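A quick write-up on the structure given underneath.
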Amino acid sequence: MKKENQFYNWLKNNSKNIYIERIEGNYTNGIPDLLTIINGLTAFIELKQCHSNTLENYGLNKYQIKWHIKYAQALGVSFILLLHQKQKTLKLLRIGGRGVFSHIITQPKTKSGLQNIWDAIKKR
């Protein structure tokens, strides 16, 4: 099983009362991996994984960055959820309408850490 699938399965299995739909395929140029609904808030989430602190643009390609910028400009809600393998942490990020990454929260990769991530998304 690919690591991205493992991350997705872990996320889905440890999330209660949250609608999560995976969006994958060749037709999704730039569109994030997940569509979620959390207490009525619809949010797109791009899943990324890294092993070092030097990952340029957190591993997003130019199409993904452009999608997040346009979506933010339209007042849509989208995030990047980064799994840092070595540190075993989850980092929640956003890209604003001007293309600037903003860090929202970092949590341990635990069920309670994931719940804190969902809580941070609900507040946006």
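Every chain in the structure tokens takes a letter, A first, then B, and so on in the order presented; its residues are numbered from 1, and the ligands are numbered from 1 following the presented order.
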Worksheet item: Hey, what does DSSP flag as alpha helix (DSSP H) within segment 12-113 of chain A? Can you give it to me as a count of residues only?
Response: 17
Chain A: which residues are strand (DSSP E) by DSSP, as an MDAnalysis selection string? chainID A and resid 19:22 34:38 41:50 78:84 89:95 101:108
Listing only residues of segment 68-113 of chain A within 6 Å of segment 37-61 of chain A, what is the closest atom pair and its distance in Å (to one decimal) for each, using only C-alpha atoms, sorted by chain and residue number ascending, as CSV?
residue,atom,partner,partner_atom,distance
A:Val77,CA,A:Ala43,CA,5.0
A:Ser78,CA,A:Phe44,CA,4.5
A:Phe79,CA,A:Ile45,CA,4.8
A:Ile80,CA,A:Glu46,CA,4.7
A:Leu81,CA,A:Leu47,CA,5.1
A:Leu82,CA,A:Lys48,CA,4.7
A:Leu83,CA,A:Gln49,CA,4.6
A:His84,CA,A:Cys50,CA,5.1
A:Gln85,CA,A:His51,CA,5.3
A:Lys86,CA,A:His51,CA,5.8
> Which neighbours of segment 4-21 of chain A fall inside 7 Å, counting only C-alpha atoms, when residues of the same chain fewer than 3 positions from it are skipped, and could you give them as a PyMOL selection string?
Replying inline: chain A and resi 1+34-38+111
Practice problem: May I have the residues within 9 Å of Ile104 of chain A as number ranges by chain, using only C-alpha atoms and disregarding those fewer than 3 positions away in the same chain? | Solution: A: 91-94, 117, 120-121
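Taking atom CA of Lys70 of chain A and atom CA of Gln107 of chain A as endpoints, the distance between them is 27.5 Å.
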Atom CA of Gly99 of chain A sits from atom CA of Asp33 of chain A at a separation of 19.1 Å
